[in-house]
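For reference, start-v4.cif (mmCIF, C-alpha atoms):
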```
data_model
#
loop_
_atom_site.group_PDB
_atom_site.id
_atom_site.type_symbol
_atom_site.label_atom_id
_atom_site.label_comp_id
_atom_site.auth_asym_id
_atom_site.auth_seq_id
_atom_site.Cartn_x
_atom_site.Cartn_y
_atom_site.Cartn_z
ATOM 1 C CA MET M 183 13.737 -9.950 -25.054
ATOM 2 C CA VAL M 184 11.152 -7.131 -24.912
ATOM 3 C CA PRO M 185 9.658 -7.952 -28.347
ATOM 4 C CA TYR M 186 9.592 -11.640 -27.406
ATOM 5 C CA PHE M 187 7.438 -11.103 -24.327
ATOM 6 C CA LEU M 188 5.249 -8.505 -26.033
ATOM 7 C CA TRP M 189 4.419 -10.976 -28.785
ATOM 8 C CA VAL M 190 3.889 -13.670 -26.145
ATOM 9 C CA LEU M 191 1.244 -11.404 -24.607
ATOM 10 C CA ILE M 192 -0.372 -10.710 -27.980
ATOM 11 C CA TYR M 193 -0.500 -14.297 -29.181
ATOM 12 C CA GLY M 194 -1.162 -15.586 -25.681
ATOM 13 C CA PHE M 195 -4.287 -13.447 -25.604
ATOM 14 C CA TYR M 196 -5.223 -14.710 -29.063
ATOM 15 C CA PHE M 197 -4.858 -18.370 -28.116
ATOM 16 C CA VAL M 198 -6.122 -18.147 -24.544
ATOM 17 C CA GLY M 199 -8.145 -14.977 -24.031
ATOM 18 C CA VAL M 200 -10.129 -15.092 -27.254
ATOM 19 C CA LYS M 201 -11.017 -18.744 -26.671
ATOM 20 C CA LEU M 202 -12.310 -17.972 -23.179
ATOM 21 C CA ILE M 203 -14.333 -15.008 -24.457
ATOM 22 C CA VAL M 204 -15.908 -17.027 -27.275
ATOM 23 C CA LEU M 205 -16.554 -19.854 -24.823
ATOM 24 C CA LYS M 206 -18.691 -17.479 -22.785
ATOM 25 C CA ILE M 207 -20.469 -15.882 -25.731
ATOM 26 C CA ALA M 208 -20.857 -18.742 -28.218
ATOM 27 C CA PRO M 209 -19.542 -22.036 -26.813
ATOM 28 C CA GLN M 210 -20.820 -23.979 -29.829
ATOM 29 C CA PHE M 211 -17.953 -22.575 -31.909
ATOM 30 C CA ILE M 212 -15.239 -23.917 -29.604
ATOM 31 C CA GLN M 213 -13.681 -27.316 -30.050
ATOM 32 C CA ASN M 214 -12.617 -29.069 -26.848
ATOM 33 C CA PRO M 215 -14.308 -26.561 -24.507
ATOM 34 C CA ASP M 216 -12.981 -28.461 -21.491
ATOM 35 C CA SER M 217 -9.400 -27.806 -22.569
ATOM 36 C CA THR M 218 -8.753 -24.160 -21.712
ATOM 37 C CA ALA M 219 -6.092 -22.164 -19.904
ATOM 38 C CA LEU M 220 -8.203 -22.373 -16.763
ATOM 39 C CA ASN M 221 -7.095 -25.961 -16.230
ATOM 40 C CA TRP M 222 -3.490 -25.558 -17.389
ATOM 41 C CA THR M 223 -0.648 -26.423 -15.064
ATOM 42 C CA TRP M 224 2.326 -24.121 -14.607
ATOM 43 C CA LEU M 225 4.287 -26.458 -16.897
ATOM 44 C CA ASP M 226 1.744 -25.827 -19.653
ATOM 45 C CA TRP M 227 2.368 -22.102 -19.280
ATOM 46 C CA VAL M 228 6.130 -22.646 -19.412
ATOM 47 C CA HIS M 229 5.676 -24.583 -22.636
ATOM 48 C CA GLY M 230 3.435 -21.893 -24.083
ATOM 49 C CA ILE M 231 5.936 -19.139 -23.325
ATOM 50 C CA PHE M 232 9.325 -20.843 -23.618
ATOM 51 C CA GLY M 233 8.635 -24.138 -25.349
ATOM 52 C CA TYR M 234 10.196 -26.607 -22.963
ATOM 53 C CA SER M 235 8.013 -29.457 -21.809
ATOM 54 C CA ALA M 236 8.405 -32.946 -20.402
ATOM 55 C CA LYS M 237 5.163 -34.053 -22.034
ATOM 56 C CA GLU M 238 5.546 -36.518 -24.873
ATOM 57 C CA GLY M 239 4.911 -34.947 -28.259
ATOM 58 C CA ALA M 240 4.748 -31.418 -26.857
ATOM 59 C CA GLY M 241 7.747 -30.257 -28.866
ATOM 60 C CA GLU M 242 10.476 -27.793 -27.969
ATOM 61 C CA LEU M 243 9.073 -24.665 -29.602
ATOM 62 C CA PRO M 244 6.994 -22.165 -27.602
ATOM 63 C CA ASP M 245 3.319 -22.598 -28.416
ATOM 64 C CA PHE M 246 2.479 -18.901 -28.337
ATOM 65 C CA VAL M 247 5.406 -17.634 -30.415
ATOM 66 C CA TYR M 248 6.994 -20.675 -31.989
ATOM 67 C CA GLN M 249 8.506 -18.523 -34.752
ATOM 68 C CA PHE M 250 10.623 -16.775 -32.094
ATOM 69 C CA TRP M 251 12.489 -19.852 -30.933
ATOM 70 C CA PHE M 252 15.688 -18.247 -32.241
ATOM 71 C CA ILE M 253 15.362 -15.294 -29.832
ATOM 72 C CA ARG M 254 14.965 -17.669 -26.917
ATOM 73 C CA ASP M 255 17.984 -19.657 -28.080
ATOM 74 C CA LEU M 256 20.036 -16.517 -28.716
ATOM 75 C CA VAL M 257 19.533 -15.376 -25.125
ATOM 76 C CA ILE M 258 20.508 -18.801 -23.770
ATOM 77 C CA LEU M 259 23.568 -19.025 -26.018
ATOM 78 C CA THR M 260 24.660 -15.523 -25.043
ATOM 79 C CA ILE M 261 24.474 -16.508 -21.379
ATOM 80 C CA ILE M 262 26.554 -19.649 -21.894
ATOM 81 C CA SER M 263 28.905 -18.060 -24.449
ATOM 82 C CA PRO M 264 31.827 -18.025 -21.953
ATOM 83 C CA VAL M 265 31.599 -21.823 -21.813
ATOM 84 C CA ILE M 266 31.503 -22.068 -25.611
ATOM 85 C CA GLN M 267 34.485 -19.725 -25.925
ATOM 86 C CA PHE M 268 36.413 -21.750 -23.347
ATOM 87 C CA PHE M 269 36.109 -24.890 -25.472
ATOM 88 C CA MET M 270 36.900 -22.864 -28.591
ATOM 89 C CA LYS M 271 40.214 -21.789 -27.078
ATOM 90 C CA LYS M 272 41.085 -25.207 -25.664
ATOM 91 C CA PHE M 273 40.004 -27.347 -28.615
ATOM 92 C CA PRO M 274 39.442 -25.019 -31.605
ATOM 93 C CA ARG M 275 39.276 -27.685 -34.304
ATOM 94 C CA GLY M 276 37.792 -30.455 -32.196
ATOM 95 C CA PHE M 277 35.018 -28.326 -30.732
ATOM 96 C CA PHE M 278 33.958 -26.972 -34.118
ATOM 97 C CA ALA M 279 34.001 -30.510 -35.517
ATOM 98 C CA LEU M 280 31.813 -31.682 -32.626
ATOM 99 C CA VAL M 281 29.279 -28.878 -33.092
ATOM 100 C CA SER M 282 29.247 -29.539 -36.839
ATOM 101 C CA ILE M 283 28.550 -33.241 -36.300
ATOM 102 C CA LEU M 284 25.736 -32.413 -33.890
ATOM 103 C CA PHE M 285 24.301 -30.102 -36.529
ATOM 104 C CA ILE M 286 24.620 -32.428 -39.521
ATOM 105 C CA ALA M 287 23.525 -35.642 -37.767
ATOM 106 C CA PRO M 288 21.353 -33.972 -36.287
ATOM 107 C CA VAL M 289 21.606 -34.610 -32.555
ATOM 108 C CA ASN M 290 19.167 -32.978 -30.159
ATOM 109 C CA VAL M 291 20.993 -30.875 -27.567
ATOM 110 C CA TYR M 292 17.721 -30.063 -25.744
ATOM 111 C CA PHE M 293 18.497 -26.641 -24.238
ATOM 112 C CA VAL M 294 18.599 -24.958 -27.674
ATOM 113 C CA GLN M 295 17.957 -25.941 -31.266
ATOM 114 C CA THR M 296 21.015 -27.666 -32.726
ATOM 115 C CA GLN M 297 21.039 -25.316 -35.693
ATOM 116 C CA ALA M 298 21.126 -22.334 -33.334
ATOM 117 C CA LEU M 299 24.130 -23.786 -31.518
ATOM 118 C CA PHE M 300 25.946 -24.368 -34.810
ATOM 119 C CA PHE M 301 25.350 -20.940 -36.347
ATOM 120 C CA TYR M 302 26.057 -19.115 -33.085
ATOM 121 C CA THR M 303 29.308 -21.029 -32.658
ATOM 122 C CA ALA M 304 30.215 -20.451 -36.304
ATOM 123 C CA GLY M 305 29.674 -16.734 -35.735
ATOM 124 C CA LEU M 306 32.015 -16.796 -32.747
ATOM 125 C CA TYR M 307 34.662 -18.574 -34.807
ATOM 126 C CA TRP M 308 34.167 -16.073 -37.607
ATOM 127 C CA GLY M 309 34.695 -13.169 -35.213
ATOM 128 C CA LYS M 310 37.629 -14.745 -33.405
ATOM 129 C CA PHE M 311 39.601 -15.908 -36.426
ATOM 130 C CA ASP M 312 38.461 -13.111 -38.768
ATOM 131 C CA PHE M 313 37.568 -15.472 -41.593
ATOM 132 C CA PRO M 314 37.214 -13.465 -44.856
ATOM 133 C CA LEU M 315 33.754 -14.846 -45.652
ATOM 134 C CA PHE M 316 32.580 -12.118 -48.006
ATOM 135 C CA GLU M 317 35.845 -12.139 -49.928
ATOM 136 C CA LYS M 318 35.516 -15.903 -50.367
ATOM 137 C CA ILE M 319 31.929 -15.552 -51.602
ATOM 138 C CA ASP M 320 32.962 -12.852 -54.075
ATOM 139 C CA LYS M 321 35.354 -15.351 -55.641
ATOM 140 C CA ILE M 322 32.477 -17.749 -56.342
ATOM 141 C CA SER M 323 31.050 -17.077 -59.788
ATOM 142 C CA TRP M 324 27.319 -16.735 -60.384
ATOM 143 C CA GLY M 325 27.353 -19.933 -62.416
ATOM 144 C CA GLU M 326 29.026 -21.882 -59.625
ATOM 145 C CA ALA M 327 26.627 -20.449 -57.042
ATOM 146 C CA VAL M 328 23.557 -21.360 -59.105
ATOM 147 C CA VAL M 329 24.822 -24.879 -59.838
ATOM 148 C CA LEU M 330 25.666 -25.408 -56.159
ATOM 149 C CA PHE M 331 22.187 -24.302 -55.140
ATOM 150 C CA LEU M 332 20.387 -26.427 -57.730
ATOM 151 C CA VAL M 333 22.392 -29.550 -56.903
ATOM 152 C CA SER M 334 21.882 -29.160 -53.152
ATOM 153 C CA PHE M 335 18.216 -28.212 -53.570
ATOM 154 C CA PHE M 336 17.277 -31.202 -55.715
ATOM 155 C CA SER M 337 19.426 -33.510 -53.591
ATOM 156 C CA ALA M 338 17.619 -32.325 -50.479
ATOM 157 C CA TRP M 339 14.286 -32.778 -52.228
ATOM 158 C CA THR M 340 15.194 -36.270 -53.428
ATOM 159 C CA PHE M 341 16.729 -37.603 -50.232
ATOM 160 C CA SER M 342 14.569 -35.772 -47.703
ATOM 161 C CA ASP M 343 13.322 -37.900 -44.838
ATOM 162 C CA GLY M 344 10.354 -35.614 -44.282
ATOM 163 C CA SER M 345 11.824 -33.915 -41.224
ATOM 164 C CA GLY M 346 13.499 -31.133 -43.178
ATOM 165 C CA LYS M 347 16.719 -31.578 -41.196
ATOM 166 C CA THR M 348 18.918 -33.607 -43.517
ATOM 167 C CA ALA M 349 22.487 -32.589 -44.278
ATOM 168 C CA MET M 350 21.547 -31.829 -47.888
ATOM 169 C CA TYR M 351 18.728 -29.599 -46.693
ATOM 170 C CA TRP M 352 21.193 -27.449 -44.782
ATOM 171 C CA CYS M 353 23.550 -27.454 -47.756
ATOM 172 C CA ALA M 354 20.665 -26.029 -49.775
ATOM 173 C CA VAL M 355 20.101 -23.398 -47.090
ATOM 174 C CA LEU M 356 23.767 -22.400 -47.070
ATOM 175 C CA SER M 357 23.952 -22.300 -50.869
ATOM 176 C CA SER M 358 20.852 -20.090 -50.979
ATOM 177 C CA CYS M 359 22.571 -17.752 -48.503
ATOM 178 C CA ILE M 360 25.503 -17.510 -50.906
ATOM 179 C CA LEU M 361 23.128 -16.585 -53.723
ATOM 180 C CA PHE M 362 21.411 -13.895 -51.664
ATOM 181 C CA LEU M 363 24.724 -12.462 -50.474
ATOM 182 C CA LYS M 364 25.880 -12.174 -54.066
ATOM 183 C CA LEU M 365 22.539 -10.622 -55.006
ATOM 184 C CA SER M 366 22.848 -8.109 -52.159
ATOM 185 C CA ALA M 367 26.200 -6.989 -53.564
ATOM 186 C CA VAL M 368 24.495 -6.289 -56.898
ATOM 187 C CA ILE M 369 21.608 -4.414 -55.250
ATOM 188 C CA GLU M 370 24.027 -2.304 -53.233
ATOM 189 C CA LYS M 371 25.414 -0.853 -56.456
ATOM 190 C CA SER M 372 21.987 0.537 -57.416
ATOM 191 C CA LYS M 373 21.081 3.529 -55.249
ATOM 192 C CA LYS M 374 17.381 3.342 -56.116
ATOM 193 C CA ALA M 375 17.040 -0.391 -55.442
ATOM 194 C CA TYR M 376 19.155 -0.103 -52.318
ATOM 195 C CA GLY M 377 17.015 2.759 -51.013
ATOM 196 C CA ILE M 378 13.755 0.872 -51.551
ATOM 197 C CA LEU M 379 15.010 -2.347 -49.994
ATOM 198 C CA SER M 380 16.618 -0.491 -47.095
ATOM 199 C CA TYR M 381 13.224 1.016 -46.311
ATOM 200 C CA LEU M 382 11.456 -2.336 -46.591
ATOM 201 C CA SER M 383 14.089 -4.082 -44.474
ATOM 202 C CA ALA M 384 12.778 -2.174 -41.462
ATOM 203 C CA PHE M 385 9.656 -4.347 -41.657
ATOM 204 C CA SER M 386 11.389 -7.731 -41.920
ATOM 205 C CA PHE M 387 11.101 -8.523 -38.213
ATOM 206 C CA TRP M 388 7.525 -7.239 -38.156
ATOM 207 C CA LEU M 389 6.534 -9.508 -41.047
ATOM 208 C CA TYR M 390 8.222 -12.462 -39.426
ATOM 209 C CA ALA M 391 6.379 -11.788 -36.181
ATOM 210 C CA ILE M 392 2.934 -11.213 -37.631
ATOM 211 C CA HIS M 393 2.822 -13.729 -40.469
ATOM 212 C CA MET M 394 2.106 -16.691 -38.202
ATOM 213 C CA PRO M 395 -0.015 -17.997 -36.689
ATOM 214 C CA VAL M 396 -2.810 -15.445 -37.045
ATOM 215 C CA LEU M 397 -2.475 -13.600 -40.356
ATOM 216 C CA ASN M 398 -1.367 -16.470 -42.562
ATOM 217 C CA GLY M 399 -3.767 -18.875 -40.873
ATOM 218 C CA LEU M 400 -6.781 -16.594 -41.339
ATOM 219 C CA LEU M 401 -5.919 -15.837 -44.960
ATOM 220 C CA LYS M 402 -5.523 -19.535 -45.686
ATOM 221 C CA ARG M 403 -8.965 -20.272 -44.258
ATOM 222 C CA VAL M 404 -10.582 -17.530 -46.320
ATOM 223 C CA TRP M 405 -8.722 -18.601 -49.466
ATOM 224 C CA LEU M 406 -9.718 -22.255 -49.109
ATOM 225 C CA LYS M 407 -13.324 -21.283 -48.485
ATOM 226 C CA PHE M 408 -13.559 -19.657 -51.908
ATOM 227 C CA LEU M 409 -10.850 -21.595 -53.773
ATOM 228 C CA PRO M 410 -10.609 -25.128 -52.370
ATOM 229 C CA MET M 411 -7.635 -27.252 -53.404
ATOM 230 C CA LYS M 412 -9.323 -29.352 -56.088
ATOM 231 C CA ASN M 413 -6.180 -30.149 -58.052
ATOM 232 C CA PRO M 414 -2.410 -29.457 -58.089
ATOM 233 C CA PHE M 415 -2.941 -26.089 -59.791
ATOM 234 C CA PHE M 416 -5.194 -24.886 -56.973
ATOM 235 C CA CYS M 417 -2.670 -26.178 -54.417
ATOM 236 C CA LEU M 418 0.103 -24.188 -56.080
ATOM 237 C CA ALA M 419 -2.108 -21.117 -56.385
ATOM 238 C CA GLU M 420 -3.018 -21.358 -52.704
ATOM 239 C CA TYR M 421 0.621 -21.620 -51.657
ATOM 240 C CA PHE M 422 1.810 -18.581 -53.594
ATOM 241 C CA GLY M 423 -1.426 -16.609 -53.331
ATOM 242 C CA VAL M 424 -1.665 -16.802 -49.550
ATOM 243 C CA THR M 425 2.050 -16.020 -49.248
ATOM 244 C CA VAL M 426 1.772 -12.892 -51.403
ATOM 245 C CA LEU M 427 -1.343 -11.730 -49.544
ATOM 246 C CA THR M 428 0.316 -12.338 -46.177
ATOM 247 C CA ILE M 429 3.323 -10.235 -47.163
ATOM 248 C CA ALA M 430 1.204 -7.480 -48.714
ATOM 249 C CA ILE M 431 -1.277 -7.174 -45.840
ATOM 250 C CA GLY M 432 1.409 -7.614 -43.191
ATOM 251 C CA LEU M 433 3.554 -4.938 -44.814
ATOM 252 C CA ALA M 434 0.596 -2.559 -45.087
ATOM 253 C CA LEU M 435 -0.217 -3.069 -41.407
ATOM 254 C CA GLY M 436 3.423 -2.504 -40.478
ATOM 255 C CA ILE M 437 3.693 0.715 -42.496
ATOM 256 C CA ALA M 438 0.462 2.017 -40.971
ATOM 257 C CA LEU M 439 1.508 1.102 -37.429
ATOM 258 C CA LYS M 440 4.931 2.679 -37.851
ATOM 259 C CA LYS M 441 3.378 5.871 -39.180
ATOM 260 C CA ILE M 442 0.594 6.169 -36.593
ATOM 261 C CA PHE M 443 2.273 4.630 -33.524
ATOM 262 C CA PRO M 444 6.036 4.703 -34.152
ATOM 263 C CA LYS M 445 6.957 4.004 -30.519
ATOM 264 C CA LEU M 446 4.729 0.930 -30.379
ATOM 265 C CA PHE M 447 6.202 -0.316 -33.650
ATOM 266 C CA ALA M 448 9.693 0.169 -32.218
ATOM 267 C CA LEU M 449 8.769 -1.821 -29.102
ATOM 268 C CA LEU M 450 7.275 -4.676 -31.107
ATOM 269 C CA THR M 451 10.278 -4.890 -33.415
ATOM 270 C CA GLY M 452 13.067 -4.238 -30.945
ATOM 271 C CA GLY M 453 13.826 -0.792 -32.331
ATOM 272 C CA ARG M 454 14.280 -1.979 -35.911
ATOM 273 C CA GLY M 455 13.495 0.651 -38.497
#
```

Take the structure from the file and write it as structure tokens.
Amino acid sequence: MVPYFLWVLIYGFYFVGVKLIVLKIAPQFIQNPDSTALNWTWLDWVHGIFGYSAKEGAGELPDFVYQFWFIRDLVILTIISPVIQFFMKKFPRGFFALVSILFIAPVNVYFVQTQALFFYTAGLYWGKFDFPLFEKIDKISWGEAVVLFLVSFFSAWTFSDGSGKTAMYWCAVLSSCILFLKLSAVIEKSKKAYGILSYLSAFSFWLYAIHMPVLNGLLKRVWLKFLPMKNPFFCLAEYFGVTVLTIAIGLALGIALKKIFPKLFALLTGGRG
């Protein structure tokens, strides 16, 4: 949880502190100057840090670090894991079927994201029953894996309801995981490729933490200022261009921080790398 709260402080200062500073120096640049942290209730702070709110339309993700919802959910699920394991032992098939239905439907379980509950529970089942997942994936040919991904991807695209939470969407996610697992087995056989990617993997959490909302948002604003989305080509260029720049700049910042302040980098990434 240390990285979670450190990033809450960083992004909390960005969203709250910077706005208050600019409000004092140049109030003309601030939209809704009457809406600042100075008139927040304690529930607003809870929503900013943890994401839970009774306000309509507030959402369940933490405002300050919405990309870290999975850490919040992981802590909660770890705390209640004895309850989950109790139902696993009592009703192994029925409980997994119930969690799967909640996930596919999807049904909001409120205290955590439904997808977090499903994957955490699936991991517990995997550990308990020692399911040979990797052996099963190895038996899937590359052709079958690619066809499975393409079918699920285009099905999800065709039948999407706009929420991104359809059953076919998650089938596409799972099929893409199969592809990447098979790809990782290929990479592992190459010492050079494995060495490079092992080094870069140390920055995966860092990139995930820093890419939103600040870095990607700022790069998008700069990009659109010089290259506005006039047609589909510019839209596509903006999507990939900003993504590549975000990864490149974020990675450069991570490498520099790790080299200059390794202990700070370790704190911000939970000791990864």

Quiz item: Given the choices M:Val328, M:Phe335, M:Ala419, M:Ala287, which gets closest to M:Cys353 if the distance is worked out from all atoms listed in the file?
Solution: M:Phe335

Quiz prompt | Neighbour list for stretch 247-256 of chain M as a ChimeraX atom specification, cut-off 10 Å, all atoms listed in the file, skip fewer than 5 positions in-chain | solution = /M:183,185-187,189-194,230-233,242,261-263,293-299,302,390-395

Let me see the file: selected residues, C-alpha atoms, as a PDB file, in the coordinates of the input.
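The result, written out as result_26.pdb:
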```
ATOM      1  CA  MET M 183      13.737  -9.950 -25.054  1.00  0.00           C
ATOM      2  CA  PRO M 185       9.658  -7.952 -28.347  1.00  0.00           C
ATOM      3  CA  TYR M 186       9.592 -11.640 -27.406  1.00  0.00           C
ATOM      4  CA  PHE M 187       7.438 -11.103 -24.327  1.00  0.00           C
ATOM      5  CA  TRP M 189       4.419 -10.976 -28.785  1.00  0.00           C
ATOM      6  CA  VAL M 190       3.889 -13.670 -26.145  1.00  0.00           C
ATOM      7  CA  LEU M 191       1.244 -11.404 -24.607  1.00  0.00           C
ATOM      8  CA  ILE M 192      -0.372 -10.710 -27.980  1.00  0.00           C
ATOM      9  CA  TYR M 193      -0.500 -14.297 -29.181  1.00  0.00           C
ATOM     10  CA  GLY M 194      -1.162 -15.586 -25.681  1.00  0.00           C
ATOM     11  CA  GLY M 230       3.435 -21.893 -24.083  1.00  0.00           C
ATOM     12  CA  ILE M 231       5.936 -19.139 -23.325  1.00  0.00           C
ATOM     13  CA  PHE M 232       9.325 -20.843 -23.618  1.00  0.00           C
ATOM     14  CA  GLY M 233       8.635 -24.138 -25.349  1.00  0.00           C
ATOM     15  CA  GLU M 242      10.476 -27.793 -27.969  1.00  0.00           C
ATOM     16  CA  ILE M 261      24.474 -16.508 -21.379  1.00  0.00           C
ATOM     17  CA  ILE M 262      26.554 -19.649 -21.894  1.00  0.00           C
ATOM     18  CA  SER M 263      28.905 -18.060 -24.449  1.00  0.00           C
ATOM     19  CA  PHE M 293      18.497 -26.641 -24.238  1.00  0.00           C
ATOM     20  CA  VAL M 294      18.599 -24.958 -27.674  1.00  0.00           C
ATOM     21  CA  GLN M 295      17.957 -25.941 -31.266  1.00  0.00           C
ATOM     22  CA  THR M 296      21.015 -27.666 -32.726  1.00  0.00           C
ATOM     23  CA  GLN M 297      21.039 -25.316 -35.693  1.00  0.00           C
ATOM     24  CA  ALA M 298      21.126 -22.334 -33.334  1.00  0.00           C
ATOM     25  CA  LEU M 299      24.130 -23.786 -31.518  1.00  0.00           C
ATOM     26  CA  TYR M 302      26.057 -19.115 -33.085  1.00  0.00           C
ATOM     27  CA  TYR M 390       8.222 -12.462 -39.426  1.00  0.00           C
ATOM     28  CA  ALA M 391       6.379 -11.788 -36.181  1.00  0.00           C
ATOM     29  CA  ILE M 392       2.934 -11.213 -37.631  1.00  0.00           C
ATOM     30  CA  HIS M 393       2.822 -13.729 -40.469  1.00  0.00           C
ATOM     31  CA  MET M 394       2.106 -16.691 -38.202  1.00  0.00           C
ATOM     32  CA  PRO M 395      -0.015 -17.997 -36.689  1.00  0.00           C
TER      33      PRO M 395
END
```

Self-check item: Residues matched by the PyMOL selection byres ((chain M and resi 449) around 12) as a ChimeraX atom specification
Solution: /M:183-189,387-388,439-440,443-448,450-455

Practice problem: Using only C-alpha atoms, find the one residue out of M:Lys310, M:Lys272, M:Lys364, M:Lys374 that sits nearest to M:Ala327. | Solution: M:Lys364

Exercise. Just the residues within 12 Å of stretch 277-282 of chain M, please, counting all atoms listed in the file, with nothing from its chain fewer than 3 positions along; format it as a VMD selection string.
Key: chain M and resid 265 to 274 285 to 291 295 to 308 349 352

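Between atom CA of M:Leu356 and atom CA of M:Ala338 lies a distance of 12.2 Å.
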
Practice problem: Go ahead and compute the interatomic distance for atom CA of M:Leu363 and atom CA of M:Ser337, in Å to one decimal. | Solution: 21.9 Å

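Counting from atom CA of M:Leu361, the distance to atom CA of M:Phe331 is 7.9 Å.
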
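Closest approach to M:Leu409 among M:Leu397, M:Val424, M:Leu205, M:Leu433 is made by M:Val424 (distances from only C-alpha atoms).
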
Self-check item: Exercise: residues within 10 Å of coordinate (-1.7, -7.2, -43.1), counting all atoms listed in the file, as a PyMOL selection string
Solution: chain M and resi 389+392-393+397-398+401+427-438

I need the chosen residues saved as a PDB file, keeping the file's coordinate frame, with C-alpha atoms.
```
ATOM      1  CA  LEU M 389       6.534  -9.508 -41.047  1.00  0.00           C
ATOM      2  CA  ILE M 392       2.934 -11.213 -37.631  1.00  0.00           C
ATOM      3  CA  HIS M 393       2.822 -13.729 -40.469  1.00  0.00           C
ATOM      4  CA  LEU M 397      -2.475 -13.600 -40.356  1.00  0.00           C
ATOM      5  CA  ASN M 398      -1.367 -16.470 -42.562  1.00  0.00           C
ATOM      6  CA  LEU M 401      -5.919 -15.837 -44.960  1.00  0.00           C
ATOM      7  CA  LEU M 427      -1.343 -11.730 -49.544  1.00  0.00           C
ATOM      8  CA  THR M 428       0.316 -12.338 -46.177  1.00  0.00           C
ATOM      9  CA  ILE M 429       3.323 -10.235 -47.163  1.00  0.00           C
ATOM     10  CA  ALA M 430       1.204  -7.480 -48.714  1.00  0.00           C
ATOM     11  CA  ILE M 431      -1.277  -7.174 -45.840  1.00  0.00           C
ATOM     12  CA  GLY M 432       1.409  -7.614 -43.191  1.00  0.00           C
ATOM     13  CA  LEU M 433       3.554  -4.938 -44.814  1.00  0.00           C
ATOM     14  CA  ALA M 434       0.596  -2.559 -45.087  1.00  0.00           C
ATOM     15  CA  LEU M 435      -0.217  -3.069 -41.407  1.00  0.00           C
ATOM     16  CA  GLY M 436       3.423  -2.504 -40.478  1.00  0.00           C
ATOM     17  CA  ILE M 437       3.693   0.715 -42.496  1.00  0.00           C
ATOM     18  CA  ALA M 438       0.462   2.017 -40.971  1.00  0.00           C
TER      19      ALA M 438
END
```
